Amino acid sequence: MNFLFSEYDTPPALPGVKVSLLCRKHCLDQKASIGSFSELLTEGKYLNLRYYFSRCLSLCISLQIVATALCHTDAYTLSGADPEGCFPVILGHEGAGIVESVGEGVTRVKPGDTVIPLYIPQCGECKFCKSPKTNLCQKIRVPQGKGLMPDGTTRFTCKGKQIYHFMGTSTFSEYTVVADISVAKIDPAAPLDKVCLLGCGISTGYGAAVNTAKVEPGSTCAVFGLGGVGLAAIMGCKAAGASRIIGIDIKKNTYAKAKEFGADECISPQDFEKPIQEVLIEMTDGGVDYSFECVGNVGVMRAALEACHKGWGVSVIVGVAAAGQEISTRPFQLVTGRTWKGTAFGGNSSALGMKLIYKM
């Protein structure tokens, strides 16, 4: 794996620039496999990098990142499968930190506040924010998708070259800059090494159950994929009062943890000769009431839908599939009453939803 920036050079001519020792291992100039990325992390190999970040201008906030977690989406982008992937980039979007400074016009937070960066902002002004039907604020979606700040620039540079932002957050850095609408203020006493997970995985899985699917008490649920997001979906189903939760994963070493989080039983598709959806239909007298695909595999998405009960079953796609992938099923599955839905950030209206989940 090659790294583009190994030392720092003369500070660029940008206002408010400061030198920081940042981004151990994550500012990459080329695509790498998920396996090699994971290996780099698990072996504890860090590359010390120095680069510059420009302090916030108007309507921006600079943050000191105290804790950050690794989400599969970071590795997914690094693999090259993400159509919006830009390189070189500082990855990371599950973080928590302290407001270091604010730009002109910022009123939501002040220096010293404890916050979680949001990859889905909440401006409160666009038609998406004003609609109770979605959490997909579009205020800064276009520049964010290009790895840029709302004004079309980046706040990171090294050796005279720009470094792109990731999902509007770039939390794999000791300091980062975000839009003022891209943070949620939280309790300063919160353990940041734990609540950083609210920046994506926990909020996404939990919200998929309580917000998107709206799981009802006494229902039967199936969760496909027992990673962090799947475990959070199980938590959401349990909190909503589901009477039976079935975890599905080919990795049996995930089962014990899934049961700690609320799963009643766990099964592997590899233990059956028939498709897993048929197995689930037999296990549940016609199918589950709710299913959640937390893998990002289009084949599993189909299985999750077809495992739902005729007439009322709801399946929620939570995982992100690779670029160009398409989902398919027989139209009769939908004609006979099943509903296929998707969710981003668990349907949470970012700032408010974050606070509600934190309180839980």
# chains A, B, ... in the order shown; residues from 1 in each chain; ligands from 1
call {"tool": "select_by_dssp", "arguments": {"residues": "segment 71-298 of chain A", "states": "strand (DSSP E or B)", "output": "MDAnalysis selection string"}}
result
chainID A and resid 89:90 94:102 114:117 156:158 161:164 175:179 183:185 220:224 244:248 265:267 288 290:293
call {"tool": "write_last_selection", "arguments": {"atoms": "C-alpha atoms", "output": "mmCIF file, in the first residue's frame"}}
result
data_model
loop_
_atom_site.group_PDB
_atom_site.id
_atom_site.type_symbol
_atom_site.label_atom_id
_atom_site.label_comp_id
_atom_site.auth_asym_id
_atom_site.auth_seq_id
_atom_site.Cartn_x
_atom_site.Cartn_y
_atom_site.Cartn_z
ATOM 1 C CA VAL A 89 -8.711 11.455 0.927
ATOM 2 C CA ILE A 90 -8.944 11.425 4.700
ATOM 3 C CA GLU A 94 -17.881 7.672 12.896
ATOM 4 C CA GLY A 95 -16.301 10.155 15.246
ATOM 5 C CA ALA A 96 -16.753 12.380 18.265
ATOM 6 C CA GLY A 97 -14.855 15.435 19.359
ATOM 7 C CA ILE A 98 -14.652 18.963 20.696
ATOM 8 C CA VAL A 99 -15.374 22.182 18.803
ATOM 9 C CA GLU A 100 -12.027 23.953 18.416
ATOM 10 C CA SER A 101 -13.234 27.071 16.615
ATOM 11 C CA VAL A 102 -16.208 28.320 14.629
ATOM 12 C CA THR A 114 -18.877 18.200 22.559
ATOM 13 C CA VAL A 115 -20.252 17.040 19.215
ATOM 14 C CA ILE A 116 -20.650 14.138 16.820
ATOM 15 C CA PRO A 117 -19.996 14.917 13.125
ATOM 16 C CA PHE A 156 -6.667 19.872 3.812
ATOM 17 C CA THR A 157 -3.475 20.324 1.792
ATOM 18 C CA CYS A 158 -0.056 18.725 1.656
ATOM 19 C CA LYS A 161 -1.886 19.319 -3.283
ATOM 20 C CA GLN A 162 -5.429 19.197 -1.983
ATOM 21 C CA ILE A 163 -6.702 16.297 0.097
ATOM 22 C CA TYR A 164 -10.383 15.502 -0.214
ATOM 23 C CA TYR A 175 -8.469 17.842 13.484
ATOM 24 C CA THR A 176 -11.113 18.217 10.834
ATOM 25 C CA VAL A 177 -13.433 20.875 9.421
ATOM 26 C CA VAL A 178 -17.160 20.376 8.818
ATOM 27 C CA ALA A 179 -20.160 22.458 7.813
ATOM 28 C CA VAL A 183 -22.731 18.290 13.830
ATOM 29 C CA ALA A 184 -24.946 17.177 16.695
ATOM 30 C CA LYS A 185 -24.204 18.652 20.113
ATOM 31 C CA THR A 220 -41.067 -11.552 14.417
ATOM 32 C CA CYS A 221 -37.875 -10.089 12.920
ATOM 33 C CA ALA A 222 -34.916 -11.415 10.946
ATOM 34 C CA VAL A 223 -31.598 -9.582 10.784
ATOM 35 C CA PHE A 224 -29.217 -10.560 7.986
ATOM 36 C CA ARG A 244 -38.795 -13.194 18.242
ATOM 37 C CA ILE A 245 -35.548 -12.036 16.632
ATOM 38 C CA ILE A 246 -33.593 -14.324 14.334
ATOM 39 C CA GLY A 247 -30.009 -13.489 13.408
ATOM 40 C CA ILE A 248 -28.590 -14.765 10.118
ATOM 41 C CA GLU A 265 -31.623 -17.578 17.860
ATOM 42 C CA CYS A 266 -29.038 -17.453 15.085
ATOM 43 C CA ILE A 267 -28.680 -19.561 11.963
ATOM 44 C CA VAL A 288 -41.154 -12.841 9.299
ATOM 45 C CA TYR A 290 -39.794 -7.524 9.399
ATOM 46 C CA SER A 291 -36.397 -8.254 7.903
ATOM 47 C CA PHE A 292 -33.212 -6.192 7.736
ATOM 48 C CA GLU A 293 -30.393 -6.623 5.247
#
call {"tool": "select_by_dssp", "arguments": {"residues": "segment 41-250 of chain A", "states": "helix (DSSP H, G or I)", "output": "MDAnalysis selection string"}}
result
chainID A and resid 41:42 72:79 127:130 141:145 192:199 201:213 228:239
call {"tool": "closest_residue", "arguments": {"among": "A:Lys238, A:Lys259, A:His93, A:Arg302", "to": "Ile317 of chain A", "atoms": "only C-alpha atoms"}}
result
A:Arg302
call {"tool": "residues_around", "arguments": {"residues": "Ala303 of chain A", "least_positions_apart": "5", "cutoff": "12 Å", "atoms": "only C-alpha atoms", "output": "MDAnalysis selection string"}}
result
chainID A and resid 222:224 248 269 274:281 287:288 291:293 295 297:298 308 315:317 327:330 333 340
call {"tool": "residues_around", "arguments": {"residues": "Gly324 of chain A", "least_positions_apart": "3", "cutoff": "12 Å", "atoms": "only C-alpha atoms", "output": "MDAnalysis selection string"}}
result
chainID A and resid 81:83 298 320:321 327
call {"tool": "write_last_selection", "arguments": {"atoms": "N, CA and C atoms", "output": "compact mmCIF listing (two decimals), in the first residue's frame"}}
result
# COMPACT_ATOMS: atom_id res chain seq x y z
N ALA A 81 -14.78 0.53 -4.82
CA ALA A 81 -16.14 0.18 -5.24
C ALA A 81 -17.10 1.36 -5.13
N ASP A 82 -16.73 2.38 -4.37
CA ASP A 82 -17.59 3.54 -4.17
C ASP A 82 -17.50 4.48 -5.37
N PRO A 83 -18.59 4.71 -6.10
CA PRO A 83 -18.54 5.57 -7.28
C PRO A 83 -18.19 7.02 -6.95
N VAL A 298 -26.62 -7.90 -2.86
CA VAL A 298 -27.93 -7.87 -3.52
C VAL A 298 -28.65 -9.21 -3.45
N VAL A 320 -25.01 -1.21 1.98
CA VAL A 320 -24.73 -0.52 0.73
C VAL A 320 -24.02 -1.47 -0.23
N ALA A 321 -24.64 -1.73 -1.37
CA ALA A 321 -24.06 -2.63 -2.37
C ALA A 321 -23.02 -1.88 -3.21
N ILE A 327 -30.83 -4.81 -7.66
CA ILE A 327 -31.64 -5.77 -6.93
C ILE A 327 -32.71 -6.35 -7.85
call {"tool": "closest_residue", "arguments": {"among": "A:Phe345, A:Phe261, A:Phe172, A:Phe128", "to": "Ile65 of chain A", "atoms": "only C-alpha atoms"}}
result
A:Phe172
call {"tool": "closest_residue", "arguments": {"among": "A:Ser62, A:Thr212, A:Gln144, A:Ser243", "to": "Phe166 of chain A", "atoms": "only C-alpha atoms"}}
result
A:Gln144
call {"tool": "residues_around", "arguments": {"residues": "Gly147 of chain A", "least_positions_apart": "2", "cutoff": "12 Å", "atoms": "only C-alpha atoms", "output": "MDAnalysis selection string"}}
result
chainID A and resid 84:91 119 140:145 149:156 162:170 178
call {"tool": "atom_distance", "arguments": {"atom1": "atom CA of Pro111 of chain A", "atom2": "atom CA of Cys129 of chain A"}}
result
26.0 Å
call {"tool": "atom_distance", "arguments": {"atom1": "atom CA of Tyr206 of chain A", "atom2": "atom CA of Gly346 of chain A"}}
result
6.6 Å
call {"tool": "closest_residue", "arguments": {"among": "A:Glu104, A:Asp74, A:Asp187, A:Glu306", "to": "Gly286 of chain A", "atoms": "only C-alpha atoms"}}
result
A:Glu306
call {"tool": "closest_residue", "arguments": {"among": "A:Pro191, A:Ile250, A:Ser219, A:Pro331", "to": "Thr284 of chain A", "atoms": "only C-alpha atoms"}}
result
A:Ser219
call {"tool": "residues_around", "arguments": {"residues": "Cys237 of chain A", "least_positions_apart": "3", "cutoff": "8 Å", "atoms": "only C-alpha atoms", "output": "list in words"}}
result
Tyr206, Ala209, Val210, Val215, Cys221, Ala233, Ile234, Ala240, Gly241, Ala242 and Ile245 of chain A
call {"tool": "write_last_selection", "arguments": {"atoms": "C-alpha atoms", "output": "mmCIF file, in the first residue's frame"}}
result
data_model
loop_
_atom_site.group_PDB
_atom_site.id
_atom_site.type_symbol
_atom_site.label_atom_id
_atom_site.label_comp_id
_atom_site.auth_asym_id
_atom_site.auth_seq_id
_atom_site.Cartn_x
_atom_site.Cartn_y
_atom_site.Cartn_z
ATOM 1 C CA TYR A 206 -31.283 1.001 15.485
ATOM 2 C CA ALA A 209 -35.911 -0.873 13.122
ATOM 3 C CA VAL A 210 -37.660 1.912 15.036
ATOM 4 C CA VAL A 215 -41.320 -2.635 14.253
ATOM 5 C CA CYS A 221 -37.875 -10.089 12.920
ATOM 6 C CA ALA A 233 -30.839 -3.442 14.322
ATOM 7 C CA ILE A 234 -31.357 -6.241 16.830
ATOM 8 C CA ALA A 240 -39.657 -1.949 19.864
ATOM 9 C CA GLY A 241 -41.024 -5.063 21.545
ATOM 10 C CA ALA A 242 -40.363 -7.792 18.963
ATOM 11 C CA ILE A 245 -35.548 -12.036 16.632
#
call {"tool": "decode", "arguments": {"residues": "segment 164-206 of chain A", "atoms": "N, CA and C atoms", "output": "short mmCIF file (atom, residue, chain, number, x, y, z; two decimals), in the first residue's frame"}}
result
data_model
loop_
_atom_site.label_atom_id
_atom_site.label_comp_id
_atom_site.auth_asym_id
_atom_site.auth_seq_id
_atom_site.Cartn_x
_atom_site.Cartn_y
_atom_site.Cartn_z
N TYR A 164 -8.93 15.43 -0.24
CA TYR A 164 -10.38 15.50 -0.21
C TYR A 164 -10.95 15.13 1.15
N HIS A 165 -12.11 15.69 1.44
CA HIS A 165 -12.89 15.33 2.62
C HIS A 165 -13.70 14.07 2.30
N PHE A 166 -14.14 13.36 3.33
CA PHE A 166 -14.92 12.14 3.15
C PHE A 166 -16.24 12.25 3.89
N MET A 167 -17.32 12.15 3.13
CA MET A 167 -18.67 12.18 3.68
C MET A 167 -18.90 13.42 4.55
N GLY A 168 -18.17 14.48 4.24
CA GLY A 168 -18.35 15.73 4.97
C GLY A 168 -17.81 15.71 6.39
N THR A 169 -17.02 14.68 6.75
CA THR A 169 -16.58 14.55 8.14
C THR A 169 -15.07 14.33 8.28
N SER A 170 -14.51 13.31 7.60
CA SER A 170 -13.06 13.00 7.67
C SER A 170 -12.58 12.89 9.12
N THR A 171 -13.08 11.89 9.82
CA THR A 171 -12.76 11.75 11.24
C THR A 171 -11.47 10.99 11.51
N PHE A 172 -10.82 10.44 10.49
CA PHE A 172 -9.52 9.79 10.71
C PHE A 172 -8.42 10.85 10.73
N SER A 173 -8.58 11.79 11.62
CA SER A 173 -7.67 12.91 11.70
C SER A 173 -7.81 13.53 13.07
N GLU A 174 -6.74 14.09 13.59
CA GLU A 174 -6.84 14.72 14.90
C GLU A 174 -7.63 16.01 14.85
N TYR A 175 -7.65 16.65 13.70
CA TYR A 175 -8.47 17.84 13.48
C TYR A 175 -9.18 17.71 12.14
N THR A 176 -10.38 18.23 12.09
CA THR A 176 -11.11 18.22 10.83
C THR A 176 -12.00 19.46 10.78
N VAL A 177 -12.55 19.74 9.61
CA VAL A 177 -13.43 20.87 9.42
C VAL A 177 -14.72 20.38 8.79
N VAL A 178 -15.86 20.81 9.32
CA VAL A 178 -17.16 20.38 8.82
C VAL A 178 -18.07 21.59 8.67
N ALA A 179 -19.15 21.40 7.93
CA ALA A 179 -20.16 22.46 7.81
C ALA A 179 -20.89 22.61 9.14
N ASP A 180 -21.40 23.80 9.39
CA ASP A 180 -22.07 24.03 10.67
C ASP A 180 -23.32 23.20 10.86
N ILE A 181 -23.92 22.74 9.75
CA ILE A 181 -25.13 21.92 9.85
C ILE A 181 -24.81 20.44 9.97
N SER A 182 -23.52 20.12 10.07
CA SER A 182 -23.08 18.72 10.07
C SER A 182 -22.56 18.25 11.41
N VAL A 183 -23.10 18.77 12.50
CA VAL A 183 -22.73 18.29 13.83
C VAL A 183 -23.97 18.19 14.71
N ALA A 184 -23.91 17.30 15.67
CA ALA A 184 -24.95 17.18 16.70
C ALA A 184 -24.28 17.39 18.05
N LYS A 185 -24.75 18.37 18.78
CA LYS A 185 -24.20 18.65 20.11
C LYS A 185 -24.72 17.62 21.10
N ILE A 186 -23.81 17.07 21.92
CA ILE A 186 -24.20 16.04 22.88
C ILE A 186 -23.70 16.41 24.28
N ASP A 187 -24.07 15.60 25.24
CA ASP A 187 -23.68 15.79 26.63
C ASP A 187 -22.15 15.76 26.75
N PRO A 188 -21.53 16.77 27.35
CA PRO A 188 -20.07 16.78 27.48
C PRO A 188 -19.53 15.64 28.34
N ALA A 189 -20.40 15.02 29.13
CA ALA A 189 -19.96 13.91 29.98
C ALA A 189 -19.98 12.58 29.23
N ALA A 190 -20.44 12.56 27.99
CA ALA A 190 -20.55 11.32 27.23
C ALA A 190 -19.18 10.70 26.98
N PRO A 191 -19.06 9.38 27.09
CA PRO A 191 -17.79 8.71 26.79
C PRO A 191 -17.58 8.68 25.27
N LEU A 192 -16.68 9.51 24.78
CA LEU A 192 -16.56 9.70 23.33
C LEU A 192 -16.08 8.45 22.60
N ASP A 193 -15.33 7.59 23.28
CA ASP A 193 -14.88 6.37 22.63
C ASP A 193 -16.03 5.39 22.38
N LYS A 194 -17.17 5.65 22.99
CA LYS A 194 -18.35 4.80 22.78
C LYS A 194 -19.39 5.51 21.92
N VAL A 195 -19.68 6.76 22.23
CA VAL A 195 -20.74 7.45 21.49
C VAL A 195 -20.32 7.82 20.07
N CYS A 196 -19.04 7.72 19.75
CA CYS A 196 -18.64 7.96 18.36
C CYS A 196 -19.35 7.01 17.40
N LEU A 197 -19.75 5.83 17.91
CA LEU A 197 -20.46 4.86 17.08
C LEU A 197 -21.84 5.36 16.66
N LEU A 198 -22.35 6.37 17.37
CA LEU A 198 -23.64 6.94 16.97
C LEU A 198 -23.53 7.70 15.66
N GLY A 199 -22.30 7.99 15.23
CA GLY A 199 -22.11 8.71 13.98
C GLY A 199 -22.50 7.94 12.75
N CYS A 200 -22.69 6.62 12.90
CA CYS A 200 -23.15 5.83 11.75
C CYS A 200 -23.79 4.52 12.20
N GLY A 201 -22.98 3.55 12.57
CA GLY A 201 -23.46 2.18 12.74
C GLY A 201 -24.63 1.98 13.68
N ILE A 202 -24.51 2.49 14.90
CA ILE A 202 -25.58 2.28 15.88
C ILE A 202 -26.85 3.00 15.46
N SER A 203 -26.70 4.26 15.05
CA SER A 203 -27.88 5.03 14.63
C SER A 203 -28.55 4.41 13.41
N THR A 204 -27.74 3.89 12.51
CA THR A 204 -28.27 3.31 11.28
C THR A 204 -29.08 2.05 11.55
N GLY A 205 -28.48 1.11 12.27
CA GLY A 205 -29.18 -0.14 12.55
C GLY A 205 -30.37 0.04 13.46
N TYR A 206 -30.19 0.78 14.53
CA TYR A 206 -31.28 1.00 15.48
C TYR A 206 -32.43 1.75 14.80
#
